[in-house]
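Everything below belongs to run-v4.tsv, which stores TSV, C-alpha atoms.
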chain	number	residue	atom	x	y	z
A	1	MET	CA	2.45	33.38	2.74
A	2	LYS	CA	0.09	32.40	5.56
A	3	THR	CA	-3.45	31.28	4.83
A	4	HIS	CA	-6.12	31.17	7.54
A	5	ILE	CA	-9.11	28.91	6.88
A	6	LYS	CA	-12.08	28.61	9.21
A	7	LYS	CA	-13.84	25.29	8.94
A	8	THR	CA	-15.67	22.92	11.25
A	9	PHE	CA	-15.77	19.14	11.03
A	10	LEU	CA	-17.73	16.66	13.06
A	11	ASP	CA	-16.15	13.74	11.28
A	12	ILE	CA	-12.42	13.27	11.91
A	13	GLN	CA	-11.96	11.10	8.80
A	14	LYS	CA	-13.45	13.87	6.65
A	15	GLU	CA	-11.24	16.46	8.36
A	16	GLU	CA	-8.19	14.31	7.62
A	17	GLU	CA	-9.24	13.95	3.96
A	18	TRP	CA	-9.66	17.71	3.68
A	19	LEU	CA	-6.25	18.34	5.27
A	20	ASN	CA	-4.65	15.91	2.82
A	21	GLU	CA	-6.28	17.78	-0.09
A	22	GLN	CA	-4.66	20.98	1.22
A	23	GLY	CA	-1.37	19.13	1.69
A	24	SER	CA	-1.37	17.91	-1.92
A	25	ARG	CA	-1.63	21.58	-2.95
A	26	GLY	CA	1.50	22.39	-0.96
A	27	LEU	CA	-0.21	23.85	2.11
A	28	MET	CA	1.70	23.12	5.29
A	29	LEU	CA	-0.42	23.23	8.46
A	30	THR	CA	1.39	25.21	11.14
A	31	ALA	CA	-1.37	25.81	13.71
A	32	TYR	CA	-4.97	24.99	14.57
A	33	HIS	CA	-7.22	26.60	17.12
A	34	SER	CA	-11.03	26.58	17.55
A	35	GLY	CA	-11.86	25.71	13.97
A	36	GLU	CA	-9.20	27.94	12.42
A	37	TYR	CA	-6.44	26.30	10.40
A	38	VAL	CA	-3.25	28.19	9.63
A	39	PHE	CA	-1.31	27.04	6.58
A	40	GLU	CA	1.85	28.16	4.84
A	41	ASP	CA	2.16	27.71	1.11
A	42	MET	CA	5.26	25.60	0.56
A	43	SER	CA	4.48	24.32	-2.95
A	44	PRO	CA	5.86	22.51	-4.86
A	45	ALA	CA	6.41	20.48	-1.63
A	46	GLU	CA	3.47	18.25	-0.66
A	47	TYR	CA	2.36	17.17	2.78
A	48	ILE	CA	0.42	14.29	4.24
A	49	TYR	CA	-1.61	14.57	7.42
A	50	LYS	CA	-3.00	12.30	10.10
A	51	ILE	CA	-5.11	13.21	13.09
A	52	ASP	CA	-4.19	11.16	16.12
A	53	LEU	CA	-6.26	10.83	19.28
A	54	PRO	CA	-3.66	9.66	21.77
A	55	ALA	CA	-4.74	7.93	24.95
A	56	TYR	CA	-1.93	9.66	26.84
A	57	THR	CA	-1.92	12.90	28.78
A	58	GLY	CA	0.76	14.96	30.59
A	59	ALA	CA	4.33	13.70	30.46
A	60	LYS	CA	3.32	10.58	28.51
A	61	LYS	CA	1.79	12.75	25.81
A	62	ARG	CA	4.93	14.90	25.65
A	63	ASN	CA	7.04	11.75	25.31
A	64	ASP	CA	4.70	10.48	22.60
A	65	MET	CA	5.08	13.77	20.70
A	66	ALA	CA	8.88	13.67	21.07
A	67	PHE	CA	8.84	10.07	19.82
A	68	LEU	CA	6.80	11.05	16.76
A	69	GLU	CA	9.28	13.85	15.99
A	70	GLU	CA	12.08	11.31	16.34
A	71	MET	CA	10.30	9.17	13.75
A	72	GLY	CA	10.23	12.07	11.29
A	73	ILE	CA	6.59	13.05	11.96
A	74	SER	CA	5.95	16.70	12.86
A	75	VAL	CA	3.28	17.65	15.35
A	76	ALA	CA	1.71	20.60	13.51
A	77	ALA	CA	-0.83	21.34	16.24
A	78	SER	CA	-2.31	19.88	19.41
A	79	TYR	CA	-5.87	20.84	20.24
A	80	GLY	CA	-8.74	19.30	22.20
A	81	GLY	CA	-7.07	15.91	22.60
A	82	ARG	CA	-6.18	15.77	18.92
A	83	LEU	CA	-2.70	15.77	17.46
A	84	TYR	CA	-2.45	17.14	13.94
A	85	LEU	CA	0.49	15.26	12.44
A	86	ARG	CA	2.34	16.22	9.30
A	87	LYS	CA	4.95	14.68	7.07
A	88	ASN	CA	6.54	15.80	3.86
A	89	ARG	CA	5.28	13.43	1.15
A	90	ALA	CA	8.82	13.09	-0.20
A	91	ASP	CA	9.88	11.51	3.14
A	92	GLY	CA	7.57	8.50	2.71
A	93	PRO	CA	4.17	7.41	4.00
A	94	LEU	CA	2.74	8.46	7.34
A	95	GLU	CA	1.60	5.26	9.03
A	96	LEU	CA	0.68	5.55	12.68
A	97	TYR	CA	-0.94	2.30	13.59
A	98	SER	CA	0.17	-1.02	12.17
A	99	GLU	CA	-1.40	-3.20	14.88
A	100	LYS	CA	-5.07	-4.03	14.31
A	101	SER	CA	-5.89	-3.59	18.00
A	102	HIS	CA	-4.38	-0.08	18.00
A	103	LEU	CA	-6.19	0.83	14.80
A	104	SER	CA	-9.48	-0.41	16.19
A	105	LYS	CA	-9.06	1.61	19.42
A	106	GLN	CA	-8.23	4.70	17.39
A	107	LEU	CA	-11.36	4.28	15.26
A	108	HIS	CA	-13.50	3.83	18.36
A	109	ARG	CA	-12.09	7.04	19.82
A	110	ALA	CA	-12.62	8.89	16.53
A	111	ASN	CA	-16.31	7.93	16.50
A	112	ALA	CA	-17.02	8.15	20.25
A	113	HIS	CA	-18.39	11.71	20.00
A	114	PHE	CA	-21.25	10.50	17.73
A	115	PHE	CA	-22.44	8.26	20.58
A	116	ALA	CA	-21.84	10.94	23.22
A	117	LEU	CA	-23.84	13.51	21.24
A	118	GLY	CA	-26.59	11.01	20.43
A	119	ILE	CA	-27.05	9.77	23.97
A	120	SER	CA	-26.87	13.23	25.58
A	121	GLN	CA	-29.44	14.68	23.15
A	122	CYS	CA	-31.86	11.77	23.73
A	123	MET	CA	-31.45	12.11	27.50
A	124	LEU	CA	-32.08	15.85	27.30
A	125	ALA	CA	-35.18	15.23	25.17
A	126	LEU	CA	-36.55	12.69	27.65
A	127	PHE	CA	-35.85	15.01	30.57
A	128	ALA	CA	-37.58	17.94	28.84
A	129	LEU	CA	-40.57	15.77	27.91
A	130	ALA	CA	-40.93	14.44	31.45
A	131	GLN	CA	-40.72	17.94	32.90
A	132	ALA	CA	-43.29	19.28	30.44
A	133	LEU	CA	-45.77	16.43	30.74
A	134	PHE	CA	-45.69	15.99	34.50
A	135	PHE	CA	-45.05	19.47	35.80
A	136	ALA	CA	-46.50	21.88	33.20
A	137	PRO	CA	-49.42	23.80	34.78
A	138	SER	CA	-51.46	23.78	31.56
A	139	ARG	CA	-51.61	22.03	28.20
A	140	GLY	CA	-51.07	25.26	26.29
A	141	LEU	CA	-48.59	26.45	23.71
A	142	PRO	CA	-45.45	26.27	25.98
A	143	LEU	CA	-46.07	22.56	26.42
A	144	TRP	CA	-46.31	21.94	22.68
A	145	ILE	CA	-43.19	24.01	22.03
A	146	THR	CA	-41.30	21.89	24.57
A	147	VAL	CA	-42.67	18.70	23.00
A	148	ALA	CA	-41.58	19.91	19.55
A	149	ILE	CA	-38.05	20.77	20.78
A	150	ALA	CA	-37.78	17.43	22.60
A	151	GLY	CA	-38.95	15.64	19.45
A	152	GLY	CA	-36.31	17.44	17.41
A	153	LEU	CA	-33.62	16.56	19.93
A	154	MET	CA	-34.76	12.93	19.95
A	155	ILE	CA	-34.56	12.73	16.15
A	156	SER	CA	-31.18	14.47	16.05
A	157	GLY	CA	-29.82	12.32	18.92
A	158	SER	CA	-30.99	9.11	17.22
A	159	ALA	CA	-29.37	10.26	13.97
A	160	PHE	CA	-26.03	10.83	15.73
A	161	PHE	CA	-26.28	7.48	17.49
A	162	LEU	CA	-27.10	5.63	14.25
A	163	GLN	CA	-24.29	7.46	12.46
A	164	GLY	CA	-21.89	6.28	15.18
A	165	LEU	CA	-23.11	2.68	14.78
A	166	ARG	CA	-22.86	2.85	10.98
A	167	ARG	CA	-19.31	4.18	11.14
A	168	ARG	CA	-18.28	1.59	13.71
A	169	ARG	CA	-19.56	-1.18	11.41
A	170	LYS	CA	-17.96	0.39	8.36
A	171	TYR	CA	-14.50	0.67	9.86
A	172	ALA	CA	-14.51	-2.43	12.08
A	173	PRO	CA	-12.42	-5.31	10.72
A	174	GLU	CA	-14.37	-8.24	9.33
A	175	GLN	CA	-15.08	-10.62	12.22
A	176	GLU	CA	-14.34	-13.74	10.18
A	177	GLU	CA	-11.03	-12.34	8.97
A	178	ALA	CA	-10.13	-11.27	12.52
A	179	ARG	CA	-10.60	-14.88	13.66
A	180	ILE	CA	-8.08	-16.10	11.10
A	181	TRP	CA	-5.44	-13.43	10.78
A	182	GLU	CA	-3.32	-11.79	13.44
B	1	MET	CA	-10.12	-20.37	15.61
B	2	GLY	CA	-8.48	-17.48	17.43
B	3	ARG	CA	-5.47	-17.73	19.67
B	4	SER	CA	-6.31	-19.22	23.03
B	5	ALA	CA	-5.97	-16.80	25.89
B	6	ASN	CA	-3.15	-18.75	27.52
B	7	SER	CA	-1.22	-19.85	24.43
B	8	GLY	CA	1.43	-17.22	25.17
B	9	ALA	CA	1.80	-16.23	21.53
B	10	LEU	CA	3.35	-12.81	21.06
B	11	THR	CA	2.23	-10.48	18.29
B	12	GLU	CA	4.65	-10.33	15.41
B	13	SER	CA	5.51	-6.72	16.24
B	14	VAL	CA	6.39	-7.55	19.86
B	15	PHE	CA	8.40	-10.58	18.73
B	16	TYR	CA	10.52	-8.45	16.40
B	17	ILE	CA	10.87	-5.61	18.91
B	18	LEU	CA	12.19	-8.02	21.54
B	19	LEU	CA	14.44	-9.70	18.98
B	20	ARG	CA	15.97	-6.41	17.84
B	21	LEU	CA	16.37	-5.19	21.41
B	22	HIS	CA	18.87	-7.93	22.18
B	23	GLN	CA	21.09	-5.04	21.04
B	24	PRO	CA	20.27	-1.45	22.15
B	25	ALA	CA	18.23	0.60	19.71
B	26	HIS	CA	16.05	3.69	19.66
B	27	GLY	CA	12.66	3.97	17.98
B	28	TYR	CA	13.70	4.95	14.49
B	29	ALA	CA	16.41	2.27	14.29
B	30	LEU	CA	13.92	-0.31	15.56
B	31	MET	CA	11.40	0.56	12.87
B	32	LYS	CA	13.98	0.55	10.07
B	33	ASP	CA	15.77	-2.63	11.20
B	34	ILE	CA	12.53	-4.59	11.62
B	35	ALA	CA	11.39	-3.53	8.14
B	36	ARG	CA	14.80	-4.57	6.75
B	37	MET	CA	14.79	-7.94	8.62
B	38	THR	CA	11.38	-8.79	7.18
B	39	SER	CA	12.11	-7.37	3.70
B	40	GLY	CA	9.57	-4.62	4.30
B	41	ARG	CA	6.73	-6.97	5.30
B	42	VAL	CA	6.51	-5.75	8.92
B	43	GLN	CA	6.25	-1.95	8.85
B	44	LEU	CA	5.63	-0.67	12.35
B	45	GLY	CA	3.59	2.51	12.59
B	46	ALA	CA	5.00	5.15	14.93
B	47	GLY	CA	1.92	5.09	17.17
B	48	SER	CA	1.89	1.30	17.43
B	49	LEU	CA	5.63	1.22	18.12
B	50	TYR	CA	5.36	3.84	20.88
B	51	GLY	CA	2.43	1.94	22.42
B	52	ALA	CA	4.33	-1.35	22.30
B	53	LEU	CA	7.51	0.15	23.82
B	54	ASP	CA	5.47	1.83	26.56
B	55	THR	CA	3.69	-1.43	27.42
B	56	LEU	CA	6.85	-3.53	27.31
B	57	GLU	CA	8.69	-1.06	29.52
B	58	LYS	CA	5.80	-1.04	32.01
B	59	LYS	CA	5.87	-4.85	32.13
B	60	GLY	CA	9.63	-4.79	32.67
B	61	TRP	CA	10.44	-6.70	29.46
B	62	ILE	CA	12.58	-3.84	28.13
B	63	ARG	CA	14.28	-0.87	29.78
B	64	ALA	CA	15.32	2.59	28.66
B	65	MET	CA	19.10	2.89	28.56
B	66	GLU	CA	18.93	6.53	29.63
B	67	GLU	CA	15.79	8.31	30.84
B	68	HIS	CA	16.61	11.81	29.56
B	69	PRO	CA	19.19	11.63	26.78
B	70	GLN	CA	20.42	14.95	25.38
B	71	ASP	CA	19.13	14.30	21.86
B	72	ARG	CA	15.75	13.04	23.30
B	73	LYS	CA	16.24	9.73	21.48
B	74	ILE	CA	15.68	7.04	24.08
B	75	ALA	CA	17.46	3.77	23.39
B	76	TYR	CA	15.96	0.56	24.77
B	77	LEU	CA	17.35	-2.87	25.66
B	78	ILE	CA	15.68	-6.18	26.48
B	79	THR	CA	15.71	-7.23	30.17
B	80	ASP	CA	16.16	-10.72	31.63
B	81	THR	CA	12.37	-10.99	31.99
B	82	GLY	CA	11.97	-10.01	28.34
B	83	ARG	CA	14.54	-12.62	27.33
B	84	GLN	CA	12.58	-15.31	29.18
B	85	PHE	CA	9.35	-14.46	27.34
B	86	PHE	CA	11.17	-14.18	24.03
B	87	GLU	CA	12.77	-17.60	24.56
B	88	LYS	CA	9.38	-19.10	25.42
B	89	GLU	CA	7.99	-17.70	22.16
B	90	ARG	CA	10.95	-19.02	20.17
B	91	ILE	CA	10.33	-22.51	21.58
B	92	ARG	CA	6.63	-22.22	20.69
B	93	LEU	CA	7.46	-21.21	17.12
B	94	GLU	CA	9.99	-24.04	16.79
B	95	GLU	CA	7.36	-26.48	17.99
B	96	MET	CA	4.96	-25.20	15.33
B	97	LEU	CA	7.56	-25.59	12.58
B	98	HIS	CA	8.50	-29.05	13.88
B	99	ASN	CA	4.86	-30.14	13.88
B	100	ALA	CA	4.33	-28.66	10.42
B	101	ALA	CA	7.35	-30.60	9.11
B	102	ASN	CA	6.12	-33.84	10.71
B	103	TYR	CA	2.66	-33.60	9.21
B	104	THR	CA	3.56	-32.35	5.76
B	105	GLY	CA	6.65	-34.51	5.39
B	106	ASP	CA	8.81	-31.52	4.58
B	107	SER	CA	12.13	-31.20	6.31
B	108	LEU	CA	13.00	-27.93	8.09

Represent the structure from my file as structure tokens, please.
Amino acid sequence: MKTHIKKTFLDIQKEEEWLNEQGSRGLMLTAYHSGEYVFEDMSPAEYIYKIDLPAYTGAKKRNDMAFLEEMGISVAASYGGRLYLRKNRADGPLELYSEKSHLSKQLHRANAHFFALGISQCMLALFALAQALFFAPSRGLPLWITVAIAGGLMISGSAFFLQGLRRRRKYAPEQEEARIWE
Amino acid sequence: MGRSANSGALTESVFYILLRLHQPAHGYALMKDIARMTSGRVQLGAGSLYGALDTLEKKGWIRAMEEHPQDRKIAYLITDTGRQFFEKERIRLEEMLHNAANYTGDSL
């Protein structure tokens, strides 16, 4: 039986955790599109999931997907630069990146949208503020509405940016350890 | 404390990939054989293995035996250039072991 679930995640790690919860209940992801997940109930089988953000496009990406299939990892869906990977739990763990440098790049990519959102919102706020302050014909209500919106954008943008920094620190390998161990 | 930029040390994954590719192998065999050789200590992730094979092929250290095999499993083999770098690494590792034996008094 097919189950359709609509859900939106900003955080890829949280999305992966949620997918793994569904997998442990026997739900096999078969498709994903625009925030809609399609599962098939295959219990008592259990599935593990990973979301990969490959650096490849075009033929390289197709080769990468074929390679993953060769390694016993199914590509359940490919959407917006993300690969939703699936493996039957009975077939062993799903480890994608064993090299620290690869893992670090992957984590940077997974958190890059926090910085992109943060910076773009702050820039938009500054632009709106500058427009309102320097070009508004009067200091009436429209000006204060613009200032309020720009303030909101600035707060939201800063929050995204700080969230990105916090996550980067959280998932980055310890510097001292990195100096000692390969 | 880190490796100097020109020390020429290979990562452990690349070392074992080059070692195993002295005989032809495709991705899955590589991963399994390397895990077996190291008693499960070196477990290459599929993404890391694909990245390493792609880089090594680009650098000309390994080559695909057949570009478009029927079963889509591409087997790889080390090239002469790859052998040279592998040999250089082997000498470096032997030097390390030799120095360790000299300073600790243990025989190899």

Report task. Pull out every residue of chain B sitting within 10 Å of chain A, counting all atoms listed in the file, and send them as a list of chain:residue names. Result -> B:Met1, B:Gly2, B:Arg3, B:Thr11, B:Glu12, B:Ser13, B:His26, B:Gly27, B:Tyr28, B:Ala29, B:Met31, B:Val42, B:Gln43, B:Leu44, B:Gly45, B:Ala46, B:Gly47, B:Ser48, B:Leu49, B:Tyr50, B:Gly51, B:Ala52, B:Asp54, B:Asp71, B:Arg72, B:Lys73, B:Ile74

Using only C-alpha atoms, the best pick from A:Arg139, A:His113, A:Lys14, A:His4 as closest to A:Asp41 would be A:His4

Min atom-atom distance to A:Ser120 from the set A:Ala148, A:Ile51, A:Met154, A:Ala90, counting only C-alpha atoms, belongs to A:Met154

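Between atom CA of B:Phe86 and atom CA of B:Asp106 the separation is 26.2 Å.
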
Around (15.8, -2.9, 30.9), as given in the file, which residues come within 12 Å? Count only C-alpha atoms and list them as a PDB file with C-alpha atoms, in the coordinates of the input.
ATOM      1  CA  LEU B  18      12.190  -8.020  21.540  1.00  0.00           C
ATOM      2  CA  LEU B  21      16.370  -5.190  21.410  1.00  0.00           C
ATOM      3  CA  HIS B  22      18.870  -7.930  22.180  1.00  0.00           C
ATOM      4  CA  GLN B  23      21.090  -5.040  21.040  1.00  0.00           C
ATOM      5  CA  PRO B  24      20.270  -1.450  22.150  1.00  0.00           C
ATOM      6  CA  ALA B  25      18.230   0.600  19.710  1.00  0.00           C
ATOM      7  CA  LEU B  53       7.510   0.150  23.820  1.00  0.00           C
ATOM      8  CA  LEU B  56       6.850  -3.530  27.310  1.00  0.00           C
ATOM      9  CA  GLU B  57       8.690  -1.060  29.520  1.00  0.00           C
ATOM     10  CA  LYS B  58       5.800  -1.040  32.010  1.00  0.00           C
ATOM     11  CA  LYS B  59       5.870  -4.850  32.130  1.00  0.00           C
ATOM     12  CA  GLY B  60       9.630  -4.790  32.670  1.00  0.00           C
ATOM     13  CA  TRP B  61      10.440  -6.700  29.460  1.00  0.00           C
ATOM     14  CA  ILE B  62      12.580  -3.840  28.130  1.00  0.00           C
ATOM     15  CA  ARG B  63      14.280  -0.870  29.780  1.00  0.00           C
ATOM     16  CA  ALA B  64      15.320   2.590  28.660  1.00  0.00           C
ATOM     17  CA  MET B  65      19.100   2.890  28.560  1.00  0.00           C
ATOM     18  CA  GLU B  66      18.930   6.530  29.630  1.00  0.00           C
ATOM     19  CA  GLU B  67      15.790   8.310  30.840  1.00  0.00           C
ATOM     20  CA  ALA B  75      17.460   3.770  23.390  1.00  0.00           C
ATOM     21  CA  TYR B  76      15.960   0.560  24.770  1.00  0.00           C
ATOM     22  CA  LEU B  77      17.350  -2.870  25.660  1.00  0.00           C
ATOM     23  CA  ILE B  78      15.680  -6.180  26.480  1.00  0.00           C
ATOM     24  CA  THR B  79      15.710  -7.230  30.170  1.00  0.00           C
ATOM     25  CA  ASP B  80      16.160 -10.720  31.630  1.00  0.00           C
ATOM     26  CA  THR B  81      12.370 -10.990  31.990  1.00  0.00           C
ATOM     27  CA  GLY B  82      11.970 -10.010  28.340  1.00  0.00           C
ATOM     28  CA  ARG B  83      14.540 -12.620  27.330  1.00  0.00           C
TER      29      ARG B  83
END
